[in-house]
$ cat my_file_2.cif   # mmCIF, C-alpha atoms
data_work
loop_
_atom_site.label_atom_id
_atom_site.label_comp_id
_atom_site.auth_asym_id
_atom_site.auth_seq_id
_atom_site.Cartn_x
_atom_site.Cartn_y
_atom_site.Cartn_z
CA CYS A 133 9.34 -37.37 5.58
CA ILE A 134 7.77 -35.21 2.89
CA ARG A 135 4.85 -37.02 1.29
CA ASP A 136 4.78 -37.99 -2.36
CA ARG A 137 1.57 -36.04 -2.89
CA PHE A 138 0.34 -32.46 -2.91
CA TYR A 139 -2.63 -31.06 -0.95
CA ILE A 140 -4.50 -27.95 -2.07
CA PHE A 141 -8.11 -26.78 -1.65
CA GLY A 142 -9.23 -30.18 -0.38
CA PHE A 143 -7.80 -32.03 -3.38
CA THR A 144 -4.95 -34.53 -3.25
CA PHE A 145 -2.61 -34.60 -6.24
CA TRP A 146 -0.05 -37.30 -6.94
CA PRO A 147 3.02 -37.44 -9.19
CA GLN A 148 0.75 -39.10 -11.74
CA ASP A 149 -1.14 -35.78 -11.93
CA PHE A 150 1.95 -33.91 -13.11
CA PHE A 151 0.23 -32.96 -16.37
CA LEU A 152 -2.30 -30.99 -14.29
CA LEU A 153 0.58 -29.01 -12.81
CA THR A 154 1.82 -28.35 -16.33
CA ILE A 155 -1.57 -26.95 -17.36
CA LEU A 156 -1.68 -24.85 -14.17
CA LEU A 157 1.76 -23.37 -14.89
CA ILE A 158 0.70 -22.54 -18.45
CA ILE A 159 -2.41 -20.78 -17.09
CA ALA A 160 -0.25 -18.86 -14.60
CA ALA A 161 2.14 -17.76 -17.35
CA VAL A 162 -0.63 -16.65 -19.72
CA ALA A 163 -2.40 -14.85 -16.83
CA LEU A 164 0.85 -13.05 -16.03
CA PHE A 165 1.16 -11.89 -19.64
CA PHE A 166 -2.50 -10.89 -19.73
CA PHE A 167 -2.51 -8.80 -16.55
CA THR A 168 0.85 -7.22 -17.36
CA THR A 169 -0.30 -6.16 -20.81
CA LEU A 170 -3.59 -4.87 -19.44
CA ALA A 171 -2.59 -3.22 -16.16
CA GLY A 172 1.19 -3.28 -15.82
CA ARG A 173 3.05 -4.99 -13.02
CA LEU A 174 0.09 -6.02 -10.88
CA TRP A 175 1.87 -9.22 -9.94
CA CYS A 176 4.97 -7.44 -8.67
CA GLY A 177 3.11 -4.69 -6.86
CA TYR A 178 0.33 -6.67 -5.19
CA ALA A 179 0.72 -10.46 -5.43
CA CYS A 180 4.41 -11.40 -5.54
CA PRO A 181 5.47 -13.13 -2.28
CA GLN A 182 8.59 -10.95 -2.19
CA THR A 183 6.44 -7.80 -2.17
CA VAL A 184 3.92 -9.21 0.32
CA TRP A 185 6.57 -10.45 2.74
CA THR A 186 8.53 -7.20 2.48
CA GLU A 187 5.40 -5.20 3.29
CA ILE A 188 4.69 -7.45 6.28
CA PHE A 189 8.27 -7.09 7.52
CA LEU A 190 8.09 -3.30 7.11
CA TRP A 191 4.85 -3.30 9.11
CA PHE A 192 6.57 -5.25 11.89
CA GLU A 193 9.44 -2.76 11.86
CA ARG A 194 7.10 0.23 12.09
CA LYS A 195 5.26 -1.34 15.02
CA ILE A 196 8.47 -2.27 16.87
CA GLU A 197 10.91 0.52 15.94
CA GLY A 198 8.52 3.31 15.03
CA SER A 199 8.31 5.55 11.98
CA ARG A 200 11.02 5.83 9.34
CA GLN A 201 12.57 8.83 11.12
CA LYS A 202 12.65 6.91 14.42
CA GLN A 203 14.22 3.91 12.69
CA ILE A 204 16.96 6.08 11.20
CA LYS A 205 17.56 7.71 14.58
CA LEU A 206 17.75 4.30 16.27
CA ASP A 207 20.24 3.00 13.68
CA LYS A 208 22.50 6.02 14.22
CA ALA A 209 22.24 5.87 18.01
CA PRO A 210 25.20 4.44 19.95
CA LEU A 211 25.02 0.86 21.14
CA SER A 212 22.91 0.51 24.27
CA ALA A 213 20.79 -2.04 26.10
CA ARG A 214 17.63 -0.44 24.70
CA LYS A 215 18.88 -0.58 21.12
CA VAL A 216 20.03 -4.20 21.47
CA GLY A 217 16.71 -5.15 23.04
CA ILE A 218 14.62 -3.55 20.28
CA LYS A 219 16.75 -5.01 17.49
CA THR A 220 16.76 -8.47 19.08
CA PHE A 221 13.00 -8.47 19.54
CA LYS A 222 12.47 -7.26 15.95
CA HIS A 223 14.56 -10.05 14.47
CA PHE A 224 12.93 -12.60 16.77
CA VAL A 225 9.54 -11.57 15.34
CA LEU A 226 10.85 -11.63 11.75
CA ILE A 227 12.44 -15.07 12.16
CA SER A 228 9.29 -16.45 13.83
CA PHE A 229 7.15 -15.22 10.95
CA SER A 230 9.63 -16.64 8.43
CA LEU A 231 9.47 -20.07 10.07
CA TRP A 232 5.68 -19.83 9.96
CA THR A 233 5.85 -19.34 6.18
CA GLY A 234 8.10 -22.41 5.97
CA PHE A 235 5.58 -24.34 8.03
CA THR A 236 2.69 -23.37 5.72
CA PHE A 237 4.79 -24.30 2.67
CA VAL A 238 5.43 -27.81 3.97
CA GLY A 239 1.70 -27.98 4.75
CA TYR A 240 1.08 -28.37 1.02
CA PHE A 241 2.85 -31.74 1.13
CA THR A 242 2.01 -32.98 4.62
CA PRO A 243 -1.59 -32.42 5.81
CA ILE A 244 -1.48 -29.27 7.91
CA THR A 245 -3.25 -30.82 10.92
CA GLU A 246 -0.85 -33.77 10.92
CA LEU A 247 2.09 -31.40 10.52
CA SER A 248 0.83 -29.27 13.44
CA HIS A 249 0.70 -32.31 15.70
CA SER A 250 4.24 -33.26 14.66
CA VAL A 251 5.51 -29.78 15.54
CA ILE A 252 3.73 -29.78 18.91
CA ASN A 253 5.01 -33.28 19.74
CA MET A 254 8.54 -32.50 18.45
CA SER A 255 8.33 -35.44 16.05
CA LEU A 256 9.01 -33.78 12.69
CA GLY A 257 10.73 -35.88 10.05
CA PRO A 258 14.16 -34.81 8.76
CA TRP A 259 12.89 -33.58 5.39
CA GLU A 260 10.00 -31.66 6.92
CA THR A 261 12.42 -30.01 9.34
CA PHE A 262 14.85 -29.18 6.53
CA TRP A 263 12.24 -27.56 4.28
CA ILE A 264 10.66 -25.54 7.10
CA ILE A 265 14.08 -24.13 8.04
CA PHE A 266 15.18 -23.68 4.41
CA TYR A 267 12.03 -21.86 3.33
CA GLY A 268 12.02 -19.81 6.53
CA PHE A 269 15.64 -18.82 5.94
CA ALA A 270 14.82 -17.81 2.34
CA THR A 271 11.93 -15.64 3.55
CA TYR A 272 14.03 -14.01 6.25
CA GLY A 273 16.93 -13.35 3.88
CA ASN A 274 14.88 -12.07 0.94
CA ALA A 275 12.29 -9.96 2.76
CA GLY A 276 14.29 -9.11 5.86
CA TRP A 277 17.64 -8.16 4.33
CA MET A 278 17.77 -8.16 0.52
CA ARG A 279 14.33 -6.68 -0.21
CA GLU A 280 14.55 -4.37 -3.25
CA GLN A 281 17.80 -6.02 -4.35
CA VAL A 282 15.78 -9.13 -5.21
CA CYS A 283 13.45 -7.11 -7.45
CA ILE A 284 16.20 -5.08 -9.14
CA TYR A 285 18.99 -7.62 -9.60
CA MET A 286 17.66 -11.15 -9.09
CA CYS A 287 14.13 -11.27 -10.51
CA PRO A 288 14.14 -11.82 -14.30
CA TYR A 289 10.62 -10.43 -14.66
CA ALA A 290 11.83 -6.83 -14.44
CA ARG A 291 14.00 -7.41 -17.48
CA PHE A 292 11.41 -8.70 -19.93
CA GLN A 293 8.28 -6.87 -18.73
CA SER A 294 8.75 -4.16 -21.36
CA ALA A 295 8.06 -6.74 -24.06
CA MET A 296 4.51 -7.01 -22.74
CA PHE A 297 3.86 -3.27 -22.41
CA ASP A 298 2.21 -1.17 -25.09
CA HIS A 299 0.88 2.39 -25.19
CA ASP A 300 -2.44 1.25 -23.66
CA THR A 301 -0.90 -0.57 -20.69
CA LEU A 302 -1.76 0.90 -17.30
CA ILE A 303 1.36 2.37 -15.67
CA ILE A 304 2.19 4.62 -12.74
CA SER A 305 3.32 8.00 -14.01
CA TYR A 306 4.10 11.51 -12.81
CA ASP A 307 2.25 14.35 -14.52
CA GLU A 308 5.12 16.59 -15.63
CA LYS A 309 2.90 19.26 -17.13
CA ARG A 310 1.10 19.76 -13.87
CA GLY A 311 3.98 19.16 -11.46
CA ASN A 312 6.87 21.12 -13.04
CA PRO A 313 8.63 23.32 -12.18
CA ARG A 314 9.05 21.81 -8.73
CA GLY A 315 9.70 23.80 -5.60
CA ALA A 316 8.96 24.16 -1.90
CA ARG A 317 6.30 26.54 -0.64
CA LYS A 318 4.10 27.10 2.41
CA ARG A 319 1.08 24.88 3.01
CA GLY A 320 -1.93 26.13 1.13
CA ALA A 321 0.10 28.48 -1.06
CA SER A 322 -1.12 28.80 -4.63
CA SER A 323 1.21 27.16 -7.13
CA VAL A 324 0.18 29.69 -9.78
CA GLU A 325 1.10 32.65 -7.60
CA ALA A 326 4.40 31.01 -6.69
CA GLY A 327 5.16 30.41 -10.36
CA LEU A 328 5.62 26.69 -9.68
CA GLY A 329 3.93 23.41 -10.48
CA ASP A 330 2.02 21.35 -7.93
CA CYS A 331 5.06 19.24 -6.96
CA ILE A 332 6.53 20.68 -3.76
CA ASP A 333 9.68 18.53 -4.15
CA CYS A 334 9.21 16.84 -0.77
CA LYS A 335 10.79 13.63 -2.14
CA LEU A 336 8.41 11.46 -0.09
CA CYS A 337 7.65 9.47 -3.24
CA ILE A 338 11.31 8.42 -3.29
CA GLN A 339 11.37 7.60 0.42
CA VAL A 340 8.38 5.25 0.28
CA CYS A 341 9.43 3.54 -2.97
CA PRO A 342 10.49 -0.04 -2.12
CA VAL A 343 13.10 0.01 -4.92
CA GLY A 344 14.27 3.56 -4.28
CA ILE A 345 13.54 5.16 -7.66
CA ASP A 346 12.24 8.64 -8.46
CA ILE A 347 9.00 8.15 -10.37
CA ARG A 348 9.28 11.76 -11.55
CA ASP A 349 12.10 10.66 -13.87
CA GLY A 350 9.62 8.62 -15.92
CA LEU A 351 8.87 4.91 -16.30
CA GLN A 352 11.79 2.74 -15.15
CA TYR A 353 12.26 -1.02 -15.25
CA GLN A 354 12.81 -1.12 -11.47
CA CYS A 355 9.27 0.15 -10.77
CA ILE A 356 7.14 -2.71 -9.44
CA GLY A 357 3.84 -0.82 -9.64
CA CYS A 358 3.04 -0.97 -5.93
CA ALA A 359 1.45 2.53 -5.95
CA ALA A 360 3.13 3.58 -2.68
CA CYS A 361 4.19 6.81 -4.39
CA ILE A 362 0.58 7.49 -5.42
CA ASP A 363 -0.68 7.14 -1.85
CA VAL A 364 1.93 9.37 -0.28
CA CYS A 365 1.64 12.01 -3.03
CA ASP A 366 -2.14 12.13 -2.65
CA ASP A 367 -1.68 12.73 1.09
CA VAL A 368 0.65 15.64 0.34
CA MET A 369 -1.79 17.07 -2.19
CA ASP A 370 -4.56 16.92 0.44
CA LYS A 371 -2.40 18.82 2.93
CA MET A 372 -1.57 21.44 0.28
CA SER A 373 -5.24 21.68 -0.79
CA TYR A 374 -4.26 20.66 -4.33
CA PRO A 375 -6.15 18.12 -6.48
CA LYS A 376 -5.00 14.52 -6.17
CA GLY A 377 -3.49 12.62 -9.07
CA LEU A 378 -0.13 14.29 -9.54
CA ILE A 379 1.19 10.72 -9.55
CA LYS A 380 -1.43 8.31 -10.79
CA TYR A 381 -2.30 5.21 -12.76
CA THR A 382 -2.58 6.11 -16.42
CA THR A 383 -1.42 5.03 -19.88
CA GLU A 384 1.05 6.51 -22.31
CA ASN A 385 -1.77 7.29 -24.74
CA ALA A 386 -3.70 9.10 -21.99
CA LEU A 387 -0.62 11.15 -21.12
CA PHE A 388 -0.48 12.40 -24.69
CA GLY A 389 -4.23 13.04 -24.94
CA LYS A 390 -5.03 9.94 -26.97
CA THR A 391 -7.80 7.40 -26.39
CA THR A 392 -6.89 4.32 -24.36
CA LYS A 393 -8.11 1.02 -25.82
CA ILE A 394 -8.78 -1.78 -23.34
CA LEU A 395 -9.87 -4.54 -25.73
CA ARG A 396 -7.14 -4.97 -28.31
CA PRO A 397 -5.94 -8.03 -30.29
CA ARG A 398 -3.28 -9.08 -27.78
CA ILE A 399 -5.73 -8.90 -24.87
CA LEU A 400 -8.38 -10.90 -26.74
CA PHE A 401 -5.79 -13.54 -27.63
CA TYR A 402 -4.74 -13.93 -23.99
CA ILE A 403 -8.39 -14.16 -22.89
CA ALA A 404 -9.03 -16.95 -25.40
CA LEU A 405 -5.98 -18.88 -24.18
CA LEU A 406 -6.97 -18.47 -20.53
CA VAL A 407 -10.51 -19.68 -21.16
CA ALA A 408 -9.29 -22.70 -23.15
CA PHE A 409 -6.62 -23.83 -20.66
CA THR A 410 -8.81 -23.15 -17.62
CA ALA A 411 -11.66 -25.18 -19.11
CA GLY A 412 -9.21 -27.99 -19.84
CA LEU A 413 -7.88 -27.94 -16.27
CA VAL A 414 -11.37 -27.95 -14.72
CA TYR A 415 -12.45 -30.82 -16.95
CA SER A 416 -9.30 -32.82 -16.18
CA VAL A 417 -9.71 -32.43 -12.42
CA ALA A 418 -13.45 -33.19 -12.50
CA SER A 419 -13.10 -36.28 -14.70
CA ARG A 420 -9.98 -37.86 -13.24
CA VAL A 421 -10.40 -41.34 -11.76
CA PRO A 422 -9.44 -41.29 -8.04
CA VAL A 423 -7.70 -44.66 -8.18
CA GLU A 424 -4.74 -46.05 -10.07
CA VAL A 425 -4.40 -49.74 -10.89
CA ASN A 426 -1.14 -51.40 -11.89
CA ILE A 427 -1.04 -55.09 -12.84
CA ILE A 428 2.43 -56.65 -12.97
CA ARG A 429 2.89 -60.17 -14.30
CA ASP A 430 5.33 -62.54 -12.61
CA ARG A 431 8.36 -62.65 -14.93
CA ASN A 432 9.88 -65.82 -13.44
CA THR A 433 7.37 -68.21 -14.96
CA LEU A 434 5.24 -68.00 -18.05
CA TYR A 435 2.39 -70.07 -16.58
CA ASN A 436 1.62 -73.16 -14.46
CA GLU A 437 -0.70 -76.03 -15.25
CA THR A 438 -2.56 -77.20 -12.14
CA ALA A 439 -3.66 -80.75 -11.30
CA GLN A 440 -7.18 -79.81 -12.30
CA GLY A 441 -5.99 -78.99 -15.80
CA LEU A 442 -6.26 -75.24 -15.31
CA ILE A 443 -3.76 -72.68 -16.59
CA GLU A 444 -2.47 -70.48 -13.76
CA ASN A 445 -0.73 -67.11 -14.08
CA VAL A 446 0.55 -65.01 -11.20
CA TYR A 447 0.05 -61.24 -11.17
CA THR A 448 0.84 -58.54 -8.64
CA LEU A 449 -1.98 -56.04 -8.33
CA LYS A 450 -1.18 -52.56 -7.01
CA LEU A 451 -4.00 -50.22 -6.04
CA ILE A 452 -3.38 -46.54 -5.25
CA ASN A 453 -6.17 -44.67 -3.52
CA MET A 454 -5.82 -41.07 -4.76
CA THR A 455 -8.34 -39.61 -2.31
CA ASN A 456 -7.97 -38.54 1.33
CA GLU A 457 -10.38 -41.17 2.66
CA GLU A 458 -10.22 -44.94 2.90
CA GLN A 459 -11.92 -46.71 -0.03
CA GLU A 460 -13.13 -50.26 -0.62
CA PHE A 461 -12.69 -51.97 -3.99
CA ASP A 462 -14.09 -55.15 -5.51
CA ILE A 463 -11.90 -56.86 -8.10
CA SER A 464 -13.22 -58.85 -11.02
CA VAL A 465 -11.88 -60.15 -14.33
CA THR A 466 -13.54 -60.62 -17.71
CA GLY A 467 -12.59 -61.76 -21.17
CA ILE A 468 -12.06 -65.52 -20.84
CA GLU A 469 -14.80 -68.00 -19.99
CA ASP A 470 -14.54 -69.61 -16.52
CA MET A 471 -11.61 -67.37 -15.53
CA GLN A 472 -11.18 -67.20 -11.74
CA ILE A 473 -9.29 -65.13 -9.19
CA ILE A 474 -7.65 -67.04 -6.36
CA GLY A 475 -7.42 -65.03 -3.13
CA LYS A 476 -9.30 -62.12 -1.57
CA TYR A 477 -10.82 -59.92 -4.22
CA GLU A 478 -13.89 -58.33 -2.56
CA GLY A 479 -14.00 -55.51 -0.06
CA ILE A 480 -10.31 -54.62 -0.30
CA SER A 481 -9.70 -51.52 1.84
CA VAL A 482 -7.10 -49.03 0.65
CA ALA A 483 -6.25 -45.98 2.77
#

$ encode --input "my_file_2.cif" --output "structure tokens"
Amino acid sequence: CIRDRFYIFGFTFWPQDFFLLTILLIIAAVALFFFTTLAGRLWCGYACPQTVWTEIFLWFERKIEGSRQKQIKLDKAPLSARKVGIKTFKHFVLISFSLWTGFTFVGYFTPITELSHSVINMSLGPWETFWIIFYGFATYGNAGWMREQVCIYMCPYARFQSAMFDHDTLIISYDEKRGNPRGARKRGASSVEAGLGDCIDCKLCIQVCPVGIDIRDGLQYQCIGCAACIDVCDDVMDKMSYPKGLIKYTTENALFGKTTKILRPRILFYIALLVAFTAGLVYSVASRVPVEVNIIRDRNTLYNETAQGLIENVYTLKLINMTNEEQEFDISVTGIEDMQIIGKYEGISVA
């Protein structure tokens, strides 16, 4: 079964540490606001699992099916043994990778070495099996089939990101003054002599865009800031012997010839919050006591008077070892003169 604890970076966290998770989520939210305000959609373009998995799946497809043109040709080709074989192998690889992501996800709750042995010995618990398959299915569906639909229609971040943008936020933008008017021409031809801008209207920026937008139409909420259009446009500019940067990272102020300010009140406020919450989280983790003690009094009787004239109370003592290694504890009581503990109370081992 899935354990009632969470393993990360060598630390073991229990449900009693839920407040630490709360602080961590607050830090993540503030960091998201900070980086979005400073440099646009860095999360979406470089760190979001949906983006990362989609890029990995696209890499698998390029290695198995070939370039984009070859993939289109294969899709349009009539059904054949070769086509079925390639498609079957591709989806086998994608499903295998998806199940691997499910395995690593469950590894946060069951120690990864123990989970590996369970998989090898075919002795997985029902909940571990369920979550590996469920998470693997989610990865395969989102990154293998839905892809940009998740970013455009399902992810709420695209809808409220504009609230965090200002004129000094780093965005990906097309330089209209330099690129227009657009038009095709021979390689190496001078854009001035042709009476055109530097954009040769190859539309490669649209083809490589994971959400299928035309960055030349201006900033759009679907843009995830992955910079794929920058890379492909720079390659085209190299081939045409034109300067790079027709599509580039910039700010709205820079586009209009104004000075871009990095340190501004909103940024400083986010930095202060991040420092405060991060310091609080580090202190909480460093100072937490790695054991929990619960003492439960027997409710059936108030007390007993023994033959020796002593007053006896019965308690149930529960010790929770919150580390990964077995610990020994000595139990003692204070507060009342001549108070005694009946039973084993030294060298108690708790795994």

$ closest_residue --input "my_file_2.cif" --among "A:Gln293, A:Gln203, A:Gln182, A:Asn253" --to "A:Tyr272" --atoms "only C-alpha atoms"
A:Gln182

$ resolve_selection --input "my_file_2.cif" --expression "the PyMOL selection byres ((chain A and resi 341) around 12)" --output "JSON, numbers by chain"
{"A": [177, 183, 187, 279, 280, 335, 336, 337, 338, 339, 340, 342, 343, 344, 345, 346, 347, 348, 354, 355, 356, 357, 358, 359, 360, 361, 362, 363, 364, 365]}

$ residues_around --input "my_file_2.cif" --residues "stretch 471-475 of chain A" --least-positions-apart "3" --cutoff "10 Å" --atoms "all atoms listed in the file" --output "number ranges by chain"
A: 442-444, 446, 463-468, 478

$ closest_atom_pairs --input "my_file_2.cif" --of "stretch 264-286 of chain A" --to "stretch 224-229 of chain A" --cutoff "9 Å" --atoms "only C-alpha atoms" --output "CSV"
residue,atom,partner,partner_atom,distance
A:Gly268,CA,A:Ile227,CA,7.4
A:Phe269,CA,A:Ile227,CA,7.9
A:Thr271,CA,A:Ile227,CA,8.6
A:Tyr272,CA,A:Ile227,CA,6.2
A:Gly276,CA,A:Leu226,CA,7.3

$ closest_atom_pairs --input "my_file_2.cif" --of "stretch 151-268 of chain A" --to "stretch 396-417 of chain A" --cutoff "9 Å" --atoms "all atoms listed in the file" --output "JSON lines"
{"residue": "A:Leu152", "atom": "CA", "partner": "A:Leu413", "partner_atom": "CA", "distance": 6.7}
{"residue": "A:Ile155", "atom": "CA", "partner": "A:Leu413", "partner_atom": "CA", "distance": 6.5}
{"residue": "A:Leu156", "atom": "CA", "partner": "A:Leu413", "partner_atom": "CA", "distance": 7.2}
{"residue": "A:Ile158", "atom": "CA", "partner": "A:Phe409", "partner_atom": "CA", "distance": 7.8}
{"residue": "A:Ile159", "atom": "CA", "partner": "A:Leu406", "partner_atom": "CA", "distance": 6.2}
{"residue": "A:Ala160", "atom": "CA", "partner": "A:Leu406", "partner_atom": "CA", "distance": 9.0}
{"residue": "A:Val162", "atom": "CA", "partner": "A:Tyr402", "partner_atom": "CA", "distance": 6.5}
{"residue": "A:Ala163", "atom": "CA", "partner": "A:Leu406", "partner_atom": "CA", "distance": 6.9}
{"residue": "A:Phe165", "atom": "CA", "partner": "A:Tyr402", "partner_atom": "CA", "distance": 7.6}
{"residue": "A:Phe166", "atom": "CA", "partner": "A:Tyr402", "partner_atom": "CA", "distance": 5.7}
{"residue": "A:Phe167", "atom": "CA", "partner": "A:Ile399", "partner_atom": "CA", "distance": 8.9}
{"residue": "A:Thr169", "atom": "CA", "partner": "A:Ile399", "partner_atom": "CA", "distance": 7.3}
{"residue": "A:Leu170", "atom": "CA", "partner": "A:Ile399", "partner_atom": "CA", "distance": 7.1}

$ atom_distance --input "my_file_2.cif" --atom1 "atom CA of A:Lys208" --atom2 "atom CA of A:Met286"
29.4 Å

$ atom_distance --input "my_file_2.cif" --atom1 "atom CA of A:Phe262" --atom2 "atom CA of A:Ser230"
13.7 Å

$ closest_residue --input "my_file_2.cif" --among "A:Leu256, A:Ile394, A:Leu434, A:Ile452" --to "A:Pro422" --atoms "only C-alpha atoms"
A:Ile452

$ closest_residue --input "my_file_2.cif" --among "A:Thr242, A:Phe145, A:Ile332, A:Tyr139" --to "A:Val421" --atoms "all atoms listed in the file"
A:Phe145

$ closest_residue --input "my_file_2.cif" --among "A:Met454, A:Cys176, A:Val184, A:Val324" --to "A:Ala290" --atoms "all atoms listed in the file"
A:Cys176

$ closest_residue --input "my_file_2.cif" --among "A:Gly350, A:Asn456, A:Thr301, A:Gly315" --to "A:Phe138" --atoms "only C-alpha atoms"
A:Asn456

$ closest_residue --input "my_file_2.cif" --among "A:Leu174, A:Ile196, A:Leu328, A:Ile140" --to "A:Phe237" --atoms "only C-alpha atoms"
A:Ile140

$ atom_distance --input "my_file_2.cif" --atom1 "atom CA of A:Met254" --atom2 "atom CA of A:Gly217"
28.9 Å

$ resolve_selection --input "my_file_2.cif" --expression "the PyMOL selection byres ((chain A and resi 197) around 10)" --output "JSON list (two decimals) with C-alpha atoms, in the coordinates of the input"
[["chain", "number", "residue", "atom", "x", "y", "z"],
["A", 191, "TRP", "CA", 4.85, -3.30, 9.11],
["A", 192, "PHE", "CA", 6.57, -5.25, 11.89],
["A", 193, "GLU", "CA", 9.44, -2.76, 11.86],
["A", 194, "ARG", "CA", 7.10, 0.23, 12.09],
["A", 195, "LYS", "CA", 5.26, -1.34, 15.02],
["A", 196, "ILE", "CA", 8.47, -2.27, 16.87],
["A", 198, "GLY", "CA", 8.52, 3.31, 15.03],
["A", 199, "SER", "CA", 8.31, 5.55, 11.98],
["A", 200, "ARG", "CA", 11.02, 5.83, 9.34],
["A", 201, "GLN", "CA", 12.57, 8.83, 11.12],
["A", 202, "LYS", "CA", 12.65, 6.91, 14.42],
["A", 203, "GLN", "CA", 14.22, 3.91, 12.69],
["A", 204, "ILE", "CA", 16.96, 6.08, 11.20],
["A", 205, "LYS", "CA", 17.56, 7.71, 14.58],
["A", 206, "LEU", "CA", 17.75, 4.30, 16.27],
["A", 207, "ASP", "CA", 20.24, 3.00, 13.68],
["A", 215, "LYS", "CA", 18.88, -0.58, 21.12],
["A", 218, "ILE", "CA", 14.62, -3.55, 20.28],
["A", 219, "LYS", "CA", 16.75, -5.01, 17.49],
["A", 221, "PHE", "CA", 13.00, -8.47, 19.54],
["A", 222, "LYS", "CA", 12.47, -7.26, 15.95]]

$ resolve_selection --input "my_file_2.cif" --expression "the PyMOL selection byres ((chain A and resi 319) around 8)" --output "PyMOL selection string"
chain A and resi 317-318+320-321+371-372

$ residues_near_point --input "my_file_2.cif" --point "(0.0, -35.0, -3.0)" --cutoff "8 Å" --atoms "all atoms listed in the file" --output "ChimeraX atom specification"
/A:135-139,144-147,240-241

$ residues_around --input "my_file_2.cif" --residues "stretch 375-379 of chain A" --least-positions-apart "5" --cutoff "6 Å" --atoms "only C-alpha atoms" --output "PyMOL selection string"
chain A and resi 305-307+362+366+369

$ decode --input "my_file_2.cif" --residues "stretch 348-352 of chain A" --atoms "all heavy atoms" --output "compact mmCIF listing (two decimals), in the first residue's frame"
# COMPACT_ATOMS: atom_id res chain seq x y z
N ARG A 348 4.21 36.42 -34.90
CA ARG A 348 4.27 37.68 -35.63
C ARG A 348 2.99 38.51 -35.47
O ARG A 348 2.96 39.69 -35.81
CB ARG A 348 4.54 37.40 -37.11
CG ARG A 348 5.87 36.69 -37.37
CD ARG A 348 6.03 36.29 -38.82
NE ARG A 348 5.00 35.36 -39.24
CZ ARG A 348 4.85 34.90 -40.49
NH1 ARG A 348 5.71 35.30 -41.42
NH2 ARG A 348 3.89 34.06 -40.79
N ASP A 349 1.95 37.87 -34.93
CA ASP A 349 0.70 38.60 -34.68
C ASP A 349 0.70 39.32 -33.33
O ASP A 349 -0.30 39.91 -32.94
CB ASP A 349 -0.49 37.63 -34.72
CG ASP A 349 -0.72 37.07 -36.12
OD1 ASP A 349 -0.30 37.73 -37.08
OD2 ASP A 349 -1.32 35.98 -36.24
N GLY A 350 1.82 39.24 -32.61
CA GLY A 350 1.93 39.91 -31.32
C GLY A 350 1.76 38.95 -30.16
O GLY A 350 1.54 37.74 -30.34
N LEU A 351 1.88 39.46 -28.94
CA LEU A 351 1.77 38.66 -27.73
C LEU A 351 0.37 38.08 -27.60
O LEU A 351 -0.62 38.79 -27.70
CB LEU A 351 2.10 39.50 -26.50
CG LEU A 351 2.09 38.77 -25.15
CD1 LEU A 351 3.15 37.69 -25.11
CD2 LEU A 351 2.28 39.75 -24.01
N GLN A 352 0.28 36.76 -27.37
CA GLN A 352 -0.99 36.07 -27.25
C GLN A 352 -0.98 35.21 -26.00
O GLN A 352 0.07 34.70 -25.60
CB GLN A 352 -1.24 35.20 -28.49
CG GLN A 352 -1.31 36.01 -29.78
CD GLN A 352 -0.94 35.18 -31.00
OE1 GLN A 352 -1.66 34.28 -31.38
NE2 GLN A 352 0.20 35.49 -31.61
